[in-house]
Every structure is written in C-alpha cells, then in structure tokens.
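Student: Sharing model29.cif here; it has mmCIF, C-alpha atoms.
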```
data_input
#
loop_
_atom_site.label_atom_id
_atom_site.label_comp_id
_atom_site.auth_asym_id
_atom_site.auth_seq_id
_atom_site.Cartn_x
_atom_site.Cartn_y
_atom_site.Cartn_z
CA MET A 1 -13.45 5.77 0.51
CA LYS A 2 -9.91 7.15 0.36
CA SER A 3 -9.39 6.55 4.05
CA LEU A 4 -10.70 2.97 3.72
CA ARG A 5 -8.22 2.18 0.95
CA GLU A 6 -5.36 3.73 2.87
CA PHE A 7 -6.41 1.95 6.07
CA LEU A 8 -6.53 -1.43 4.26
CA ALA A 9 -3.12 -0.86 2.66
CA THR A 10 -1.56 0.23 5.94
CA ILE A 11 -3.00 -2.72 7.86
CA GLY A 12 -1.73 -5.08 5.13
CA LEU A 13 1.74 -3.59 5.40
CA LEU A 14 1.73 -3.74 9.21
CA PHE A 15 0.41 -7.31 9.14
CA THR A 16 3.30 -8.35 6.90
CA ILE A 17 5.92 -6.65 9.07
CA LEU A 18 4.48 -7.95 12.35
CA THR A 19 4.06 -11.49 11.02
CA VAL A 20 7.75 -11.66 10.21
CA ALA A 21 8.95 -9.75 13.27
CA LEU A 22 6.95 -11.82 15.75
CA SER A 23 7.62 -15.24 14.22
CA TYR A 24 11.15 -14.91 12.86
CA SER A 25 13.09 -16.15 15.87
CA SER A 26 10.95 -19.27 16.23
CA LEU A 27 11.14 -20.33 12.57
CA PRO A 28 13.48 -23.02 11.26
CA GLN A 29 16.42 -21.83 9.17
CA ARG A 30 14.88 -23.33 5.98
CA ILE A 31 11.47 -22.04 5.00
CA PRO A 32 9.35 -22.26 1.85
CA ASP A 33 10.47 -19.76 -0.76
CA HIS A 34 8.17 -20.77 -3.61
CA PHE A 35 4.70 -22.21 -4.09
CA ASP A 36 3.51 -23.81 -7.32
CA ALA A 37 0.21 -22.98 -9.05
CA ASN A 38 -1.60 -25.43 -6.76
CA GLY A 39 -0.21 -23.78 -3.63
CA ILE A 40 2.22 -26.62 -2.87
CA VAL A 41 5.73 -25.74 -1.69
CA ASN A 42 8.27 -26.50 -4.41
CA GLY A 43 11.24 -24.49 -3.17
CA TRP A 44 13.01 -23.92 0.12
CA GLY A 45 15.39 -21.19 1.20
CA ASP A 46 16.86 -19.30 4.12
CA LYS A 47 14.41 -17.67 6.51
CA SER A 48 16.03 -14.30 5.87
CA LEU A 49 14.00 -14.29 2.64
CA LEU A 50 11.02 -13.25 4.77
CA TRP A 51 12.65 -9.85 5.17
CA PHE A 52 12.85 -9.67 1.38
CA LEU A 53 9.04 -10.10 1.29
CA VAL A 54 8.72 -7.32 3.85
CA GLY A 55 11.00 -5.15 1.71
CA ILE A 56 8.96 -5.78 -1.44
CA THR A 57 5.75 -4.97 0.42
CA CYS A 58 7.25 -1.73 1.75
CA LEU A 59 8.53 -0.82 -1.72
CA ILE A 60 5.10 -1.41 -3.27
CA TYR A 61 3.41 0.58 -0.53
CA LEU A 62 5.79 3.54 -0.78
CA SER A 63 5.97 3.57 -4.58
CA LEU A 64 2.21 3.50 -5.03
CA THR A 65 1.81 6.13 -2.31
CA MET A 66 4.27 8.47 -4.05
CA ILE A 67 2.36 8.33 -7.35
CA ARG A 68 -0.25 10.57 -5.75
CA TYR A 69 2.41 13.27 -5.47
CA ALA A 70 3.68 13.01 -9.06
CA PRO A 71 3.20 16.07 -11.25
CA LYS A 72 -0.19 15.83 -12.96
CA GLY A 73 1.46 16.38 -16.35
CA SER A 74 3.43 13.15 -15.95
CA PHE A 75 0.32 10.96 -16.23
CA SER A 76 -0.18 9.35 -19.63
CA LEU A 77 -3.90 8.80 -20.03
CA PRO A 78 -5.93 7.75 -23.09
CA VAL A 79 -8.21 10.79 -23.02
CA SER A 80 -8.27 14.17 -24.72
CA PRO A 81 -6.40 16.99 -22.97
CA GLU A 82 -9.67 18.61 -21.88
CA LEU A 83 -10.70 15.42 -20.04
CA ARG A 84 -7.41 14.87 -18.19
CA ALA A 85 -8.71 16.67 -15.12
CA ALA A 86 -11.53 14.12 -14.87
CA ALA A 87 -9.29 11.13 -15.67
CA ILE A 88 -6.50 11.79 -13.16
CA PRO A 89 -8.65 11.19 -10.03
CA LEU A 90 -9.84 7.89 -11.55
CA ALA A 91 -6.25 6.83 -12.23
CA LEU A 92 -5.26 7.75 -8.67
CA ASP A 93 -8.24 5.81 -7.29
CA MET A 94 -7.09 2.76 -9.27
CA VAL A 95 -3.55 3.07 -7.90
CA ALA A 96 -4.88 3.40 -4.34
CA TRP A 97 -6.99 0.24 -4.65
CA LEU A 98 -4.10 -1.65 -6.25
CA LYS A 99 -1.87 -0.59 -3.35
CA ALA A 100 -4.33 -2.06 -0.86
CA GLU A 101 -4.75 -5.25 -2.90
CA LEU A 102 -1.04 -5.80 -3.48
CA THR A 103 -0.10 -5.23 0.16
CA TRP A 104 -2.65 -7.87 1.16
CA ILE A 105 -1.44 -10.28 -1.52
CA PHE A 106 2.06 -10.03 -0.07
CA ALA A 107 0.66 -10.29 3.46
CA ALA A 108 -1.04 -13.56 2.45
CA ILE A 109 2.15 -14.92 0.87
CA THR A 110 4.10 -14.00 4.00
CA TRP A 111 1.50 -15.61 6.27
CA ALA A 112 1.43 -18.80 4.18
CA THR A 113 5.23 -18.99 4.24
CA VAL A 114 5.30 -18.66 8.03
CA VAL A 115 2.55 -21.20 8.75
CA VAL A 116 4.10 -23.77 6.40
CA ALA A 117 7.52 -23.21 8.00
CA GLN A 118 5.90 -23.74 11.41
CA GLY A 119 4.37 -27.02 10.19
CA ARG A 120 0.79 -25.77 10.60
CA SER A 121 -0.02 -26.07 6.88
CA LYS A 122 1.16 -27.93 3.78
CA GLY A 123 0.87 -24.92 1.46
CA MET A 124 -1.39 -22.22 0.14
CA THR A 125 -4.85 -22.92 -1.17
CA ALA A 126 -5.06 -23.53 -4.92
CA TRP A 127 -7.44 -20.60 -5.36
CA PHE A 128 -4.92 -18.00 -4.13
CA ILE A 129 -3.23 -17.24 -7.45
CA PRO A 130 -6.42 -17.10 -9.55
CA LEU A 131 -8.13 -14.98 -6.90
CA ALA A 132 -5.19 -12.58 -6.48
CA VAL A 133 -4.71 -12.14 -10.22
CA GLY A 134 -8.46 -11.86 -10.74
CA VAL A 135 -8.89 -9.11 -8.14
CA VAL A 136 -6.00 -7.04 -9.51
CA PHE A 137 -7.20 -7.58 -13.09
CA ALA A 138 -10.80 -6.69 -12.23
CA THR A 139 -9.77 -3.50 -10.44
CA SER A 140 -7.54 -2.44 -13.33
CA LEU A 141 -10.18 -3.25 -15.93
CA TYR A 142 -12.89 -1.38 -14.01
CA TYR A 143 -10.88 1.83 -13.76
CA ILE A 144 -9.48 1.63 -17.29
CA ALA A 145 -13.04 1.24 -18.60
CA ARG A 146 -14.15 4.27 -16.57
CA ILE A 147 -11.25 6.33 -17.89
CA LEU A 148 -11.92 5.28 -21.48
CA ALA A 149 -15.63 6.06 -21.03
CA LEU A 150 -14.65 9.69 -20.45
CA ASN A 151 -13.93 9.89 -24.19
CA ALA A 152 -17.69 9.64 -24.73
CA LEU A 153 -18.14 12.90 -22.82
CA ASN A 154 -17.79 16.50 -23.88
CA PRO A 155 -15.23 18.56 -21.97
CA ASP A 156 -18.08 19.82 -19.76
CA GLY A 157 -18.80 16.25 -18.61
CA GLN A 158 -22.01 15.78 -20.61
CA LYS A 159 -22.55 12.87 -23.01
CA LYS A 160 -21.69 13.68 -26.60
CA ARG A 161 -24.63 13.81 -28.93
CA GLY A 162 -24.12 11.65 -31.92
#
```
Represent the structure contained in this file as structure tokens.
Tutor:
Amino acid sequence: MKSLREFLATIGLLFTILTVALSYSSLPQRIPDHFDANGIVNGWGDKSLLWFLVGITCLIYLSLTMIRYAPKGSFSLPVSPELRAAAIPLALDMVAWLKAELTWIFAAITWATVVVAQGRSKGMTAWFIPLAVGVVFATSLYYIARILALNALNPDGQKKRG
C-alpha cells in the first residue's frame, strides 16, 4: 500500500510538471488564475503563474515526504504515551494519502488552467471543489478516528475491559 500511495503522489507531481512544461510555449500570455465555486474562470493572469502551481505542488510533495523522517518524539498525537508507537504509523499513513490526494488536486487545477487557456474548456466542473475537499476531509477523518480509537485499547493492543 505504501508503494501505491508513493506511486500516485509521484505520478501526480510528474503530471503537473509535464503538463506545464509541454504546454507552456503554446499558451497565450494571459491564462485563468482563479476559478469560482462553480468552476467558472473569474480571474486572469500571466502564464508564468503555472510555474507557481508547479512550485506549490513540489513544496507539498517534499514537505509531506519529509514528515516521515521527522523525529518520532515531535509528533503530537491524542493518545497515551504507551500507545504512541501504534499511533505514529497511522499518522504517517494519513500524511502519505494526503500527499497523493493533494498532488492530484493540484494536477487537476493545473490541467484545467491549461485546457481553458487553450480554449478547449470553459472552466472546471462544479463538483471539483466539493469532491476535492470531501476526499481530503474523509481521509483525515478516517485516520483521526483510527488514532482516537487506540485510546480504547490497553498498551498491549487489546480492548480495555470496562
């Protein structure tokens, strides 16, 4: 599963970079730089802003990758000290999934910007924002619930009797 998440995140990052690199020279100088909640373009800017999207995607990718290498004592988790060892892998799994999701969200924004600038589309679909927010929220909620559920366990991983 770890390799799948990393593969998805890497492909999302590469897709973003290649989309901009391969289309940049053929784009008009003014491109969409903002979409409203319905996916309609409501702002225009210089095409160099596409490199800003690439930069944000790279920053997200690298930052969320580096969390895996943070000292284990730096994680603040809502579990007892004896359960930290069980909670840290769950937190790292959440970060890995969020990395994959966020790189693809930025890949989709980059793609939409390019195809609108090329005149092949009028905007993004109206479901993009609710879907993107929903996926990130659902992933976060799932892993937070799993981490909090550890509090119902004894340090040996068995359910507390009560």
Student: Can you measure CA of Ala87 in chain A to CA of Lys2 in chain A for me? One decimal in Å is fine.
Tutor: 16.5 Å
Student: Name the residues that the PyMOL selection byres ((chain A and resi 30-41) around 6) pulls out of this structure, and write them as a PDB file with C-alpha atoms, in the coordinates of the input.
Tutor:
```
ATOM      1  CA  PRO A  28      13.480 -23.020  11.260  1.00  0.00           C
ATOM      2  CA  GLN A  29      16.420 -21.830   9.170  1.00  0.00           C
ATOM      3  CA  ASN A  42       8.270 -26.500  -4.410  1.00  0.00           C
ATOM      4  CA  GLY A  43      11.240 -24.490  -3.170  1.00  0.00           C
ATOM      5  CA  TRP A  44      13.010 -23.920   0.120  1.00  0.00           C
ATOM      6  CA  GLY A  45      15.390 -21.190   1.200  1.00  0.00           C
ATOM      7  CA  ASP A  46      16.860 -19.300   4.120  1.00  0.00           C
ATOM      8  CA  LYS A  47      14.410 -17.670   6.510  1.00  0.00           C
ATOM      9  CA  THR A 113       5.230 -18.990   4.240  1.00  0.00           C
ATOM     10  CA  ALA A 117       7.520 -23.210   8.000  1.00  0.00           C
ATOM     11  CA  GLY A 123       0.870 -24.920   1.460  1.00  0.00           C
ATOM     12  CA  MET A 124      -1.390 -22.220   0.140  1.00  0.00           C
ATOM     13  CA  THR A 125      -4.850 -22.920  -1.170  1.00  0.00           C
ATOM     14  CA  ALA A 126      -5.060 -23.530  -4.920  1.00  0.00           C
TER      15      ALA A 126
END
```
Student: Which residues are close to range 10-20 of chain A, i.e. within 10 Å by all atoms listed in the file, leaving aside same-chain residues fewer than 4 positions away? Reply as a ChimeraX atom specification.
Tutor: /A:4-6,24-25,27,47-48,50-51,53-55,57-58,60-61,99-111,113-114
Student: Enclose range 50-57 of chain A, meaning all of its atoms listed in the file, in a box aligned along x, y and z, pad it by 6 Å on each side, and list the centre and edge lengths in Å to one decimal, as JSON.
Tutor:
```
{"center_x": 9.3, "center_y": -9.1, "center_z": 1.9, "size_x": 19.1, "size_y": 20.3, "size_z": 18.6}
```
Student: Excluding same-chain residues fewer than 6 positions from range 72-80 of chain A, what lies within 12 Å of it counting only C-alpha atoms, as a list in words?
Tutor: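 Answer for this query is Ala86, Ala87, Ile88, Pro89, Leu90, Ala91, Leu92, Tyr143, Ile144, Ala145, Arg146, Ile147, Leu148, Ala149, Leu150, Asn151, Ala152, Leu153, Asn154 and Pro155 of chain A.
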Student: Out of A:Asp93, A:Tyr142, A:Val115, A:Val136, which residue has the shortest atom-to-atom distance to Ser26 in chain A when counting only C-alpha atoms?
Tutor: A:Val115
Student: Could you check how far CA of Val116 in chain A sits from CA of Ile129 in chain A, in Å to one decimal?
Tutor: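 One can read the CA of Val116 in chain A to CA of Ile129 in chain A distance as 17.0 Å.
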Student: Distance CA of Val133 in chain A-CA of Ala9 in chain A, one decimal place?
Tutor: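 Between CA of Val133 in chain A and CA of Ala9 in chain A the gap is 17.2 Å.
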Student: Counting all atoms listed in the file, which residue out of A:Leu8, A:Leu49, A:Ala85, A:Ala96 sits closest to Met66 in chain A?
Tutor: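 The closest residue to Met66 in chain A is A:Ala96.
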